[in-house]
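Structure file structure_10.txt (compact mmCIF, C-alpha atoms and all ligand atoms) follows.
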```txt
# COMPACT_ATOMS: atom_id res chain seq x y z
CA ASN A 1 3.56 3.84 -36.77
CA GLY A 2 3.90 7.04 -34.72
CA PHE A 3 0.17 7.78 -34.52
CA PHE A 4 -0.60 6.16 -31.22
CA THR A 5 -2.68 7.95 -28.62
CA TYR A 6 -0.21 9.71 -26.34
CA ASP A 7 -1.28 9.84 -22.68
CA PRO A 8 1.68 10.45 -20.35
CA GLY A 9 0.93 9.31 -16.82
CA PHE A 10 -2.20 7.48 -18.08
CA MET A 11 -4.36 10.49 -17.26
CA SER A 12 -7.22 9.34 -19.48
CA THR A 13 -6.49 5.76 -20.52
CA ALA A 14 -8.36 2.75 -19.10
CA SER A 15 -5.89 -0.13 -19.18
CA CYS A 16 -8.44 -2.86 -18.44
CA GLU A 17 -12.01 -3.69 -17.47
CA SER A 18 -12.47 -4.62 -13.82
CA LYS A 19 -15.33 -5.50 -11.45
CA ILE A 20 -13.32 -5.13 -8.23
CA THR A 21 -13.08 -1.49 -7.15
CA PHE A 22 -14.88 1.68 -8.21
CA ILE A 23 -13.55 5.18 -7.55
CA ASP A 24 -15.25 8.50 -8.24
CA GLY A 25 -12.43 10.91 -7.43
CA GLY A 26 -14.60 14.02 -7.87
CA LYS A 27 -17.15 12.84 -5.31
CA GLY A 28 -14.68 11.07 -2.98
CA ILE A 29 -16.30 7.64 -3.47
CA LEU A 30 -14.47 4.32 -3.10
CA LEU A 31 -16.42 1.06 -3.42
CA HIS A 32 -15.09 -2.50 -3.17
CA ARG A 33 -17.41 -4.83 -5.10
CA GLY A 34 -20.04 -2.13 -4.58
CA TYR A 35 -19.59 -1.69 -0.81
CA PRO A 36 -18.46 1.77 0.40
CA ILE A 37 -15.05 1.78 2.10
CA ASP A 38 -16.35 3.54 5.22
CA GLN A 39 -19.00 0.81 5.74
CA LEU A 40 -16.39 -1.91 5.32
CA ALA A 41 -14.06 -0.13 7.76
CA GLU A 42 -16.88 0.06 10.31
CA HIS A 43 -18.53 -3.35 9.95
CA SER A 44 -16.06 -5.69 8.25
CA ASP A 45 -12.49 -6.74 9.00
CA TYR A 46 -9.42 -7.20 6.84
CA LEU A 47 -9.77 -10.90 6.03
CA GLU A 48 -13.48 -10.62 5.26
CA THR A 49 -12.67 -7.72 2.92
CA CYS A 50 -9.95 -9.88 1.33
CA TYR A 51 -12.57 -12.55 0.63
CA LEU A 52 -14.88 -9.90 -0.83
CA LEU A 53 -12.17 -8.54 -3.13
CA LEU A 54 -11.12 -12.00 -4.30
CA LYS A 55 -14.50 -13.70 -4.62
CA GLY A 56 -16.82 -10.80 -5.39
CA GLU A 57 -19.25 -11.37 -2.48
CA LEU A 58 -19.10 -11.15 1.30
CA PRO A 59 -18.61 -14.61 2.81
CA ASN A 60 -21.21 -16.35 4.96
CA ALA A 61 -20.03 -17.46 8.43
CA GLU A 62 -18.78 -20.86 7.21
CA GLN A 63 -17.00 -19.45 4.15
CA LYS A 64 -15.33 -16.85 6.33
CA GLN A 65 -14.19 -19.40 8.88
CA GLN A 66 -12.73 -21.62 6.12
CA PHE A 67 -10.98 -18.67 4.48
CA VAL A 68 -9.49 -17.45 7.77
CA GLN A 69 -8.30 -20.98 8.57
CA ALA A 70 -6.73 -21.44 5.12
CA VAL A 71 -4.86 -18.14 5.53
CA LYS A 72 -3.63 -19.20 9.00
CA ASP A 73 -2.60 -22.63 7.73
CA ASN A 74 -0.40 -20.93 5.14
CA SER A 75 1.20 -18.28 7.35
CA ALA A 76 4.53 -19.99 8.10
CA VAL A 77 7.47 -19.07 5.87
CA ALA A 78 9.87 -21.62 4.33
CA PRO A 79 13.30 -21.86 6.03
CA SER A 80 15.00 -20.86 2.75
CA ILE A 81 13.15 -17.51 2.82
CA ALA A 82 14.11 -16.95 6.46
CA LYS A 83 17.74 -17.52 5.47
CA LEU A 84 17.37 -15.17 2.51
CA ILE A 85 16.11 -12.38 4.79
CA GLN A 86 18.94 -13.01 7.27
CA SER A 87 21.49 -12.74 4.45
CA PHE A 88 20.77 -9.01 3.91
CA PRO A 89 22.60 -6.27 5.81
CA LYS A 90 20.57 -5.04 8.79
CA GLU A 91 20.66 -1.50 7.38
CA ALA A 92 18.96 -2.63 4.14
CA HIS A 93 15.61 -0.89 3.58
CA PRO A 94 12.82 -3.30 4.64
CA MET A 95 11.01 -2.71 1.31
CA ALA A 96 14.04 -4.07 -0.55
CA VAL A 97 14.11 -7.08 1.76
CA LEU A 98 10.35 -7.66 1.42
CA CYS A 99 10.51 -7.40 -2.34
CA SER A 100 13.27 -10.03 -2.51
CA ALA A 101 11.47 -12.31 -0.04
CA VAL A 102 8.23 -12.25 -2.04
CA ALA A 103 10.15 -12.89 -5.28
CA GLY A 104 11.75 -15.75 -3.33
CA LEU A 105 8.28 -17.27 -2.82
CA ALA A 106 8.23 -17.84 -6.59
CA ALA A 107 11.30 -20.03 -6.12
CA VAL A 108 9.60 -21.95 -3.30
CA TYR A 109 6.23 -22.47 -5.00
CA ASN A 110 6.81 -22.24 -8.76
CA ASP A 111 6.48 -25.97 -9.39
CA ASP A 112 3.03 -26.25 -7.84
CA THR A 113 1.56 -23.01 -9.21
CA ASP A 114 -0.42 -23.65 -12.38
CA ILE A 115 -2.07 -20.31 -13.10
CA ALA A 116 -4.62 -21.98 -15.38
CA LYS A 117 -6.09 -23.86 -12.38
CA ALA A 118 -8.53 -21.98 -10.09
CA GLU A 119 -7.58 -24.28 -7.19
CA ASP A 120 -3.87 -23.41 -7.52
CA ARG A 121 -4.75 -19.74 -7.72
CA ASP A 122 -6.74 -20.05 -4.46
CA THR A 123 -3.80 -21.78 -2.76
CA THR A 124 -1.51 -18.99 -3.97
CA ALA A 125 -3.89 -16.41 -2.48
CA TYR A 126 -3.78 -18.17 0.92
CA ARG A 127 0.01 -18.35 0.79
CA LEU A 128 0.37 -14.71 -0.16
CA ILE A 129 -2.15 -13.30 2.35
CA GLY A 130 -0.94 -15.73 5.03
CA GLN A 131 2.76 -15.01 4.61
CA MET A 132 2.80 -11.25 3.96
CA PRO A 133 2.48 -10.32 7.67
CA THR A 134 5.01 -13.00 8.60
CA LEU A 135 7.47 -11.62 6.05
CA ALA A 136 6.74 -8.04 7.09
CA ALA A 137 7.44 -8.92 10.74
CA MET A 138 10.60 -10.79 9.74
CA THR A 139 11.96 -7.73 7.90
CA PHE A 140 11.38 -5.77 11.14
CA LYS A 141 13.03 -8.36 13.38
CA HIS A 142 15.98 -8.52 10.99
CA LEU A 143 16.32 -4.73 11.09
CA LYS A 144 16.31 -4.86 14.90
CA GLY A 145 18.71 -7.82 15.06
CA GLU A 146 16.11 -9.89 16.97
CA ASP A 147 14.97 -13.51 16.54
CA PHE A 148 11.96 -14.19 14.31
CA VAL A 149 8.68 -14.95 16.09
CA GLU A 150 6.58 -17.80 14.63
CA PRO A 151 2.98 -17.11 13.55
CA ASN A 152 0.36 -18.15 16.11
CA LYS A 153 -2.88 -19.61 14.73
CA ALA A 154 -4.78 -18.71 17.91
CA LEU A 155 -4.41 -14.99 17.13
CA ASP A 156 -6.35 -13.06 14.53
CA TYR A 157 -4.61 -11.54 11.53
CA ALA A 158 -3.60 -8.12 12.89
CA GLU A 159 -2.88 -9.47 16.38
CA ASN A 160 -0.61 -12.08 14.88
CA TYR A 161 1.23 -9.45 12.85
CA LEU A 162 1.77 -7.26 15.92
CA ASN A 163 2.87 -10.24 17.97
CA MET A 164 5.39 -11.37 15.34
CA THR A 165 6.66 -7.76 15.18
CA PHE A 166 6.79 -6.73 18.83
CA GLY A 167 6.46 -9.99 20.74
CA ASN A 168 9.33 -12.19 21.77
CA SER A 169 7.37 -15.46 21.60
CA ALA A 170 4.36 -16.75 19.67
CA ALA A 171 2.24 -16.24 22.83
CA SER A 172 3.01 -12.63 23.86
CA LYS A 173 0.09 -10.33 24.77
CA VAL A 174 -1.23 -7.84 22.17
CA SER A 175 -3.34 -4.75 22.93
CA PRO A 176 -6.84 -5.09 21.37
CA THR A 177 -6.87 -1.34 20.57
CA LEU A 178 -3.67 -1.57 18.58
CA ALA A 179 -4.81 -4.78 16.88
CA LYS A 180 -8.05 -3.10 15.80
CA ALA A 181 -6.17 -0.07 14.46
CA MET A 182 -3.75 -2.34 12.62
CA ASP A 183 -6.59 -4.33 11.07
CA ARG A 184 -8.15 -1.09 9.86
CA ILE A 185 -4.86 0.04 8.33
CA PHE A 186 -4.64 -3.24 6.41
CA LEU A 187 -8.30 -2.95 5.35
CA LEU A 188 -8.03 0.67 4.18
CA HIS A 189 -5.04 -0.25 2.02
CA ALA A 190 -6.53 -3.47 0.62
CA ASP A 191 -7.21 -2.23 -2.91
CA HIS A 192 -7.28 0.96 -4.91
CA GLU A 193 -8.11 0.23 -8.53
CA GLN A 194 -5.43 0.67 -11.23
CA ASN A 195 -2.80 2.61 -9.23
CA ALA A 196 0.87 2.37 -10.28
CA SER A 197 1.69 -0.80 -8.33
CA THR A 198 -1.51 -2.65 -9.30
CA SER A 199 -1.02 -1.70 -12.94
CA THR A 200 2.55 -3.01 -12.62
CA VAL A 201 1.28 -6.34 -11.25
CA ARG A 202 -1.20 -6.63 -14.13
CA LEU A 203 1.41 -5.72 -16.76
CA SER A 204 3.98 -8.05 -15.28
CA GLY A 205 1.41 -10.83 -14.86
CA SER A 206 0.22 -10.39 -18.44
CA SER A 207 3.39 -12.15 -19.61
CA GLY A 208 2.21 -15.28 -17.74
CA THR A 209 4.94 -14.99 -15.12
CA ASN A 210 4.74 -16.58 -11.66
CA PRO A 211 2.24 -14.57 -9.53
CA PHE A 212 4.73 -14.02 -6.69
CA ALA A 213 7.15 -12.54 -9.24
CA ALA A 214 4.39 -10.21 -10.47
CA ILE A 215 3.58 -9.18 -6.87
CA ALA A 216 7.29 -8.50 -6.23
CA ALA A 217 7.19 -6.08 -9.18
CA GLY A 218 4.21 -4.35 -7.51
CA ILE A 219 6.12 -4.06 -4.23
CA SER A 220 9.00 -2.37 -6.06
CA THR A 221 6.61 0.17 -7.53
CA LEU A 222 4.85 0.83 -4.23
CA TRP A 223 8.16 1.74 -2.61
CA GLY A 224 8.45 5.12 -4.36
CA PRO A 225 7.57 8.31 -2.41
CA ALA A 226 4.93 9.38 -4.96
CA HIS A 227 3.03 6.14 -4.14
CA GLY A 228 3.22 3.97 -1.00
CA GLY A 229 6.51 5.47 0.14
CA ALA A 230 4.58 8.66 0.96
CA ASN A 231 3.64 7.41 4.45
CA GLU A 232 7.32 7.16 5.35
CA ALA A 233 8.00 10.49 3.65
CA VAL A 234 5.22 12.17 5.71
CA LEU A 235 6.88 11.27 9.00
CA ASN A 236 10.32 12.24 7.72
CA MET A 237 8.86 15.57 6.63
CA LEU A 238 7.15 16.20 9.99
CA GLU A 239 10.45 15.49 11.74
CA GLU A 240 12.28 17.82 9.35
CA ILE A 241 9.72 20.61 9.97
CA GLY A 242 10.55 20.07 13.63
CA SER A 243 8.20 22.62 15.22
CA VAL A 244 4.92 24.40 14.45
CA GLU A 245 6.77 27.72 13.97
CA ASN A 246 8.48 26.31 10.87
CA ILE A 247 5.29 25.16 9.10
CA ASP A 248 4.75 28.37 7.12
CA THR A 249 8.24 28.11 5.60
CA TYR A 250 7.52 24.58 4.39
CA VAL A 251 4.10 25.51 3.03
CA GLU A 252 5.75 28.36 1.09
CA LYS A 253 8.41 25.93 -0.21
CA ALA A 254 5.66 23.57 -1.39
CA LYS A 255 3.98 26.42 -3.29
CA ASP A 256 7.20 27.60 -4.93
CA LYS A 257 7.36 26.23 -8.47
CA ALA A 258 11.15 26.57 -8.49
CA ASP A 259 11.41 24.34 -5.41
CA PRO A 260 10.88 20.59 -5.93
CA PHE A 261 9.62 20.16 -2.34
CA ARG A 262 6.05 18.89 -1.99
CA LEU A 263 3.97 18.47 1.11
CA MET A 264 4.05 14.72 1.56
CA GLY A 265 0.66 13.19 2.32
CA PHE A 266 -1.19 15.83 0.29
CA GLY A 267 -2.76 15.43 -3.14
CA HIS A 268 -3.91 12.46 -5.15
CA ARG A 269 -4.09 11.64 -8.83
CA VAL A 270 -7.72 10.58 -8.62
CA TYR A 271 -9.26 12.22 -5.54
CA LYS A 272 -9.88 15.89 -6.20
CA ASN A 273 -12.42 16.41 -3.44
CA PHE A 274 -11.30 14.29 -0.51
CA ASP A 275 -9.87 10.81 -0.03
CA PRO A 276 -12.59 8.71 1.64
CA ARG A 277 -9.92 6.44 3.15
CA ALA A 278 -8.30 9.48 4.75
CA LYS A 279 -11.58 10.34 6.52
CA VAL A 280 -11.74 6.89 8.16
CA MET A 281 -7.99 6.88 8.84
CA LYS A 282 -8.21 10.31 10.50
CA GLN A 283 -10.93 9.00 12.82
CA ALA A 284 -8.84 5.89 13.58
CA ALA A 285 -5.82 8.13 14.28
CA ASP A 286 -7.86 10.22 16.74
CA GLU A 287 -9.06 7.06 18.54
CA VAL A 288 -5.61 5.47 18.76
CA LEU A 289 -3.92 8.65 19.94
CA SER A 290 -6.50 9.29 22.65
CA GLU A 291 -6.42 5.64 23.84
CA LEU A 292 -2.64 5.81 24.00
CA GLY A 293 -2.73 9.23 25.65
CA LEU A 294 -0.63 10.75 22.86
CA GLU A 295 -2.84 13.74 21.94
CA ASN A 296 -0.02 16.10 22.97
CA ASP A 297 2.68 14.42 20.94
CA PRO A 298 4.81 17.21 19.37
CA LEU A 299 4.90 15.55 15.94
CA LEU A 300 1.14 15.22 16.01
CA ALA A 301 0.83 18.92 16.85
CA ILE A 302 2.84 19.72 13.70
CA ALA A 303 0.65 17.35 11.64
CA LYS A 304 -2.57 18.93 12.93
CA LYS A 305 -1.39 22.48 12.32
CA LEU A 306 -0.07 21.60 8.87
CA GLU A 307 -3.37 20.00 7.95
CA LYS A 308 -5.26 23.14 9.06
CA ILE A 309 -2.96 25.59 7.26
CA ALA A 310 -2.94 23.59 4.04
CA LEU A 311 -6.71 23.13 4.05
CA GLU A 312 -7.18 26.90 4.36
CA ASP A 313 -4.46 27.92 1.87
CA GLU A 314 -5.57 29.21 -1.55
CA TYR A 315 -2.85 27.22 -3.40
CA PHE A 316 -3.98 23.90 -1.92
CA ILE A 317 -7.69 24.73 -2.33
CA GLN A 318 -7.27 25.77 -5.95
CA LYS A 319 -5.19 22.70 -6.86
CA LYS A 320 -7.58 20.46 -4.89
CA LEU A 321 -4.82 19.07 -2.68
CA TYR A 322 -6.24 17.34 0.39
CA PRO A 323 -4.55 15.16 3.00
CA ASN A 324 -4.47 11.61 1.64
CA VAL A 325 -4.57 8.24 3.40
CA ASP A 326 -0.81 8.24 3.93
CA PHE A 327 -0.94 11.44 5.94
CA TYR A 328 -2.96 9.80 8.74
CA SER A 329 -1.74 6.19 8.46
CA GLY A 330 1.81 7.36 9.16
CA ILE A 331 0.64 9.12 12.32
CA ILE A 332 -1.14 5.96 13.59
CA MET A 333 1.80 3.69 12.83
CA LYS A 334 4.16 6.06 14.60
CA ALA A 335 1.85 6.02 17.66
CA ILE A 336 1.77 2.20 17.61
CA GLY A 337 5.57 2.25 17.75
CA ILE A 338 6.31 1.06 14.23
CA PRO A 339 9.54 2.57 12.88
CA THR A 340 9.15 4.87 9.89
CA GLU A 341 11.05 2.66 7.44
CA MET A 342 8.46 -0.10 8.07
CA PHE A 343 5.44 1.99 7.02
CA THR A 344 5.49 1.09 3.34
CA VAL A 345 5.98 -2.59 4.23
CA ILE A 346 2.67 -2.39 6.10
CA PHE A 347 1.01 -0.72 3.12
CA ALA A 348 2.33 -3.59 0.95
CA THR A 349 1.01 -6.18 3.43
CA GLY A 350 -2.50 -4.74 3.21
CA ARG A 351 -2.33 -4.18 -0.56
CA ALA A 352 -1.16 -7.72 -1.40
CA VAL A 353 -4.76 -8.89 -1.68
CA GLY A 354 -5.66 -6.08 -4.09
CA TRP A 355 -2.71 -6.88 -6.33
CA TYR A 356 -3.64 -10.54 -6.23
CA ALA A 357 -7.36 -9.93 -6.91
CA HIS A 358 -6.44 -7.90 -10.01
CA TRP A 359 -3.95 -10.48 -11.22
CA ASP A 360 -6.51 -13.25 -10.64
CA GLU A 361 -9.26 -11.31 -12.42
CA MET A 362 -6.95 -10.87 -15.40
CA VAL A 363 -5.65 -14.43 -15.72
CA SER A 364 -8.98 -16.14 -15.09
CA GLN A 365 -10.32 -14.90 -18.43
CA PRO A 366 -8.76 -14.44 -21.88
CA TYR A 367 -6.06 -11.75 -21.74
CA LYS A 368 -3.30 -10.30 -23.88
CA ILE A 369 0.23 -9.43 -22.93
CA GLY A 370 0.41 -5.70 -22.11
CA ARG A 371 2.58 -4.03 -24.71
CA PRO A 372 2.32 -0.22 -24.86
CA ARG A 373 3.67 1.64 -27.86
CA GLN A 374 5.45 5.00 -27.82
CA ARG A 375 5.77 8.27 -29.66
CA TYR A 376 9.29 8.16 -31.07
CA THR A 377 11.18 11.46 -30.73
CA GLY A 378 14.72 10.34 -31.60
CA TYR A 379 16.78 10.56 -34.78
CA ALA A 380 15.37 9.48 -38.15
CA LYS A 381 17.46 6.82 -39.90
CA ARG A 382 21.11 7.88 -40.34
CA ASP A 383 24.14 6.09 -41.67
CA TYR A 384 27.00 4.78 -39.56
CA PRO A 385 30.04 7.08 -40.18
CA GLU A 386 32.53 5.50 -42.62
N1 LIG B 1 2.54 19.69 -2.49
C1 LIG B 1 2.61 20.80 -3.24
N2 LIG B 1 2.14 20.88 -4.51
C2 LIG B 1 1.59 19.78 -5.03
C3 LIG B 1 1.48 18.59 -4.30
C4 LIG B 1 1.96 18.56 -2.98
N3 LIG B 1 1.87 17.45 -2.24
N4 LIG B 1 0.88 17.64 -5.06
C5 LIG B 1 0.62 18.21 -6.24
N5 LIG B 1 1.04 19.52 -6.22
C6 LIG B 1 0.88 20.49 -7.32
C7 LIG B 1 1.88 20.22 -8.43
O1 LIG B 1 3.07 20.96 -8.25
C8 LIG B 1 1.12 20.62 -9.65
O2 LIG B 1 1.19 22.03 -9.76
P1 LIG B 1 1.10 22.75 -11.21
O3 LIG B 1 -0.26 22.46 -11.74
O4 LIG B 1 1.32 24.20 -10.89
O5 LIG B 1 2.18 22.14 -12.05
C9 LIG B 1 -0.33 20.26 -9.32
O6 LIG B 1 -0.40 20.27 -7.88
C10 LIG B 1 -0.75 18.89 -9.82
O7 LIG B 1 0.22 17.93 -9.40
P2 LIG B 1 0.66 16.69 -10.27
O8 LIG B 1 1.96 16.18 -9.78
O9 LIG B 1 0.55 17.04 -11.73
O10 LIG B 1 -0.53 15.69 -9.92
P3 LIG B 1 -0.46 14.12 -10.05
O11 LIG B 1 -1.87 13.67 -10.11
O12 LIG B 1 0.46 13.71 -11.15
O13 LIG B 1 0.25 13.68 -8.67
C11 LIG B 1 0.62 12.94 -6.46
C12 LIG B 1 -0.42 13.14 -7.58
C13 LIG B 1 -0.04 12.13 -5.32
C14 LIG B 1 1.82 12.14 -6.98
C15 LIG B 1 1.07 14.33 -5.93
O14 LIG B 1 -0.04 15.04 -5.40
C16 LIG B 1 2.18 14.22 -4.88
O15 LIG B 1 3.35 14.14 -5.24
N6 LIG B 1 1.80 14.22 -3.55
C17 LIG B 1 2.77 14.03 -2.49
C18 LIG B 1 3.11 12.54 -2.36
C19 LIG B 1 1.99 11.74 -1.74
O16 LIG B 1 1.42 12.09 -0.72
N7 LIG B 1 1.69 10.59 -2.37
C20 LIG B 1 0.69 9.63 -1.86
C21 LIG B 1 -0.46 9.45 -2.75
S1 LIG B 1 -1.81 8.59 -1.97
C22 LIG B 1 -1.25 7.00 -1.68
C23 LIG B 1 -0.99 6.20 -2.90
O17 LIG B 1 -1.82 6.16 -3.80
O18 LIG B 1 0.06 5.56 -2.95
```

For this file, produce the structure as structure tokens.
Amino acid sequence: NGFFTYDPGFMSTASCESKITFIDGGKGILLHRGYPIDQLAEHSDYLETCYLLLKGELPNAEQKQQFVQAVKDNSAVAPSIAKLIQSFPKEAHPMAVLCSAVAGLAAVYNDDTDIAKAEDRDTTAYRLIGQMPTLAAMTFKHLKGEDFVEPNKALDYAENYLNMTFGNSAASKVSPTLAKAMDRIFLLHADHEQNASTSTVRLSGSSGTNPFAAIAAGISTLWGPAHGGANEAVLNMLEEIGSVENIDTYVEKAKDKADPFRLMGFGHRVYKNFDPRAKVMKQAADEVLSELGLENDPLLAIAKKLEKIALEDEYFIQKKLYPNVDFYSGIIMKAIGIPTEMFTVIFATGRAVGWYAHWDEMVSQPYKIGRPRQRYTGYAKRDYPE
């Protein structure tokens, strides 16, 4: 006892073996089942990438069609979950609402989820991937005080999400440019190896709990600003900076060790060269902003200048701090018209498949409950005062 390997922040500990995602942070490489993320972003789409992450191979045309249909057939949310969402105050953070709603799916489906059966696990995947955008849109509608919009099976995944978010009926019109950008945001967030939320889902799932309960634990973890909450924090920071003249002050604050302020959207635990998702996201941001005619947006001007200054600053170069995926995804979502407090909900929607693929990989083979030990630094035994 007391001689365990001590690795705060899991800087050098592999918690599992996995065949899903490979990252070489030094070289800026991210592969899903061997396929580079930039190739998937260019040639694939979100649901095909979901299939790849879950099944290990790209689907043929028939497999893809069946998968897409199964996801669509499971996209409607139970009335009890709709009521649950409506019961929260409108001011509640959408991540809190989403987390509760997904935990609520455990209540809806617990009795027909046998995690030992591959068929039940497939059905759970369809329910999760199908209902995440519906739930995400419902948290938005609740926040706005508007009626929920039903999913529409005639629309593709991202179109349907945008329609349920911004439409006022299941048949409203969605811009193809925005739908493509949205699909890419989901795809670029689909999985990222053993990050904090995925590790949480694995650890939680290792007790044999209901998979929706394990995913809800992942959503809670993603919420924090050091993880998925960074996309929201980036926009809040850009608004706080307010104008390009103030950038230098904030860069100096970020460099000051005595000041807890950090430049949100910069740095990554694993990527110490560049974040390959950020490269694709930056390109998507440029496309969306030019198609929407928003190149002169004042917030974007701050983002561009900040990116330039930070990339040329000795502190950021020396510490290998580059803009990460959240820096650019926040800019795109803002351009699409998604309110800042919804950004992490969208990250969670895209990431649901990654969490699920890792949970499924774990439970479909022999596994042990995760049970870390500690290095005890408290009192030695002492007697209760008489
Ligand atoms: N601004 C200023 N300084 C920074 C920043 C930043 N954004 N990030 C790291 N540093 C400094 C930090 O102060 C430390 O300095 P020193 O060596 O002098 O103590 C050094 O760089 C290393 O930082 P760390 O916190 O030890 O590194 P980490 O690997 O534990 O943290 C991180 C990674 C992403 C949490 C951190 O870079 C950060 O807080 N970034 C801002 C939040 C953010 O954008 N998060 C999104 C991550 S990507 C999406 C996701 O995976 O969810």

Per residue of segment 177-284 of chain A within 12 Å of segment 74-95 of chain A, which atom pair is closest and at what distance in Å (one decimal), using only C-alpha atoms, listed by chain and increasing number, as CSV?
```
residue,atom,partner,partner_atom,distance
A:Ala216,CA,A:Met95,CA,10.2
A:Ala217,CA,A:Met95,CA,11.7
A:Gly218,CA,A:Met95,CA,11.3
A:Ile219,CA,A:Met95,CA,7.5
A:Ser220,CA,A:Met95,CA,7.6
A:Thr221,CA,A:Met95,CA,10.3
A:Leu222,CA,A:Met95,CA,9.0
A:Trp223,CA,A:Met95,CA,6.6
A:Gly224,CA,A:Met95,CA,10.0
A:Gly228,CA,A:Met95,CA,10.5
A:Gly229,CA,A:Met95,CA,9.4
A:Glu232,CA,A:Met95,CA,11.3
```

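Distances to Tyr367 of chain A were evaluated for A:Pro339, A:Gly208, A:Pro260, A:Gly265 using only C-alpha atoms, and the minimum falls at A:Gly208.
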
**Request:** Produce as a PyMOL selection string the set of residues near ligand LIG 1 (chain B), where near means within 6 Å with only C-alpha atoms and all ligand atoms considered.
**Result:** chain A and resi 226-228+230+254-255+262-269+319+324+326

Is there a way to get, as a PDB file with C-alpha atoms, keeping the file's coordinate frame, all residues within 7 Å of the point (1.3, -5.2, -10.5) in file coordinates, counting all atoms listed in the file?
```pdb
ATOM      1  CA  SER A 197       1.690  -0.800  -8.330  1.00  0.00           C
ATOM      2  CA  THR A 198      -1.510  -2.650  -9.300  1.00  0.00           C
ATOM      3  CA  SER A 199      -1.020  -1.700 -12.940  1.00  0.00           C
ATOM      4  CA  THR A 200       2.550  -3.010 -12.620  1.00  0.00           C
ATOM      5  CA  VAL A 201       1.280  -6.340 -11.250  1.00  0.00           C
ATOM      6  CA  ARG A 202      -1.200  -6.630 -14.130  1.00  0.00           C
ATOM      7  CA  LEU A 203       1.410  -5.720 -16.760  1.00  0.00           C
ATOM      8  CA  SER A 204       3.980  -8.050 -15.280  1.00  0.00           C
ATOM      9  CA  ALA A 214       4.390 -10.210 -10.470  1.00  0.00           C
ATOM     10  CA  ILE A 215       3.580  -9.180  -6.870  1.00  0.00           C
ATOM     11  CA  ALA A 217       7.190  -6.080  -9.180  1.00  0.00           C
ATOM     12  CA  GLY A 218       4.210  -4.350  -7.510  1.00  0.00           C
ATOM     13  CA  TRP A 355      -2.710  -6.880  -6.330  1.00  0.00           C
TER      14      TRP A 355
END
```

**Request:** Between A:Thr21, A:Thr249, A:Asn152, A:Ser12, single out the one closest to Ser169 of chain A, counting all atoms listed in the file.
**Result:**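 So, comparing all the options, the nearest one is A:Asn152.
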
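Among the candidates A:Glu17, A:Asp112, A:Glu245, A:Asp156, the one nearest to Val68 of chain A when counting only C-alpha atoms is A:Asp156.
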
**Message:** Quick check, in Å to one decimal: how far apart do atom CA of Ala101 of chain A and atom CA of Leu135 of chain A lie?
**Reply:** 7.3 Å

**Fill in**
Shortest contact to His192 of chain A, candidates A:Ala107, A:Ala310, A:Leu30, A:Ala14, atoms counted only C-alpha atoms, goes to A:Leu30

**Polymer residues at most 9 Å from (-8.3, 8.2, 3.9) by all atoms listed in the file, as a VMD selection string** = chain A and resid 188 274 to 282 323 to 329

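Taking all atoms listed in the file into account, Ala179 of chain A lies nearest to A:Ala284 out of the set A:Ala303, A:Ala258, A:Ala284, A:Leu58.
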
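The space separating atom CA of Leu31 of chain A from atom CA of Ala352 of chain A comes to 17.7 Å.
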
Any chance you could build segment 246-255 of chain A out to N, CA and C atoms and write it as a PDB file, in the coordinates of the input?
```pdb
ATOM      1  N   ASN A 246       7.826  26.440  12.188  1.00  0.00           N
ATOM      2  CA  ASN A 246       8.480  26.310  10.870  1.00  0.00           C
ATOM      3  C   ASN A 246       7.500  25.938   9.749  1.00  0.00           C
ATOM      4  N   ILE A 247       6.233  25.686  10.110  1.00  0.00           N
ATOM      5  CA  ILE A 247       5.290  25.160   9.100  1.00  0.00           C
ATOM      6  C   ILE A 247       5.147  26.110   7.911  1.00  0.00           C
ATOM      7  N   ASP A 248       4.978  27.402   8.205  1.00  0.00           N
ATOM      8  CA  ASP A 248       4.750  28.370   7.120  1.00  0.00           C
ATOM      9  C   ASP A 248       5.862  28.307   6.079  1.00  0.00           C
ATOM     10  N   THR A 249       7.107  28.171   6.544  1.00  0.00           N
ATOM     11  CA  THR A 249       8.240  28.110   5.600  1.00  0.00           C
ATOM     12  C   THR A 249       8.079  26.923   4.658  1.00  0.00           C
ATOM     13  N   TYR A 250       7.664  25.778   5.214  1.00  0.00           N
ATOM     14  CA  TYR A 250       7.520  24.580   4.390  1.00  0.00           C
ATOM     15  C   TYR A 250       6.327  24.678   3.442  1.00  0.00           C
ATOM     16  N   VAL A 251       5.269  25.326   3.911  1.00  0.00           N
ATOM     17  CA  VAL A 251       4.100  25.510   3.030  1.00  0.00           C
ATOM     18  C   VAL A 251       4.513  26.417   1.865  1.00  0.00           C
ATOM     19  N   GLU A 252       5.287  27.457   2.160  1.00  0.00           N
ATOM     20  CA  GLU A 252       5.750  28.360   1.090  1.00  0.00           C
ATOM     21  C   GLU A 252       6.657  27.600   0.110  1.00  0.00           C
ATOM     22  N   LYS A 253       7.536  26.753   0.648  1.00  0.00           N
ATOM     23  CA  LYS A 253       8.410  25.930  -0.210  1.00  0.00           C
ATOM     24  C   LYS A 253       7.571  25.058  -1.150  1.00  0.00           C
ATOM     25  N   ALA A 254       6.505  24.469  -0.593  1.00  0.00           N
ATOM     26  CA  ALA A 254       5.660  23.570  -1.390  1.00  0.00           C
ATOM     27  C   ALA A 254       4.966  24.333  -2.525  1.00  0.00           C
ATOM     28  N   LYS A 255       4.682  25.628  -2.281  1.00  0.00           N
ATOM     29  CA  LYS A 255       3.980  26.420  -3.290  1.00  0.00           C
ATOM     30  C   LYS A 255       4.920  26.987  -4.350  1.00  0.00           C
TER      31      LYS A 255
END
```
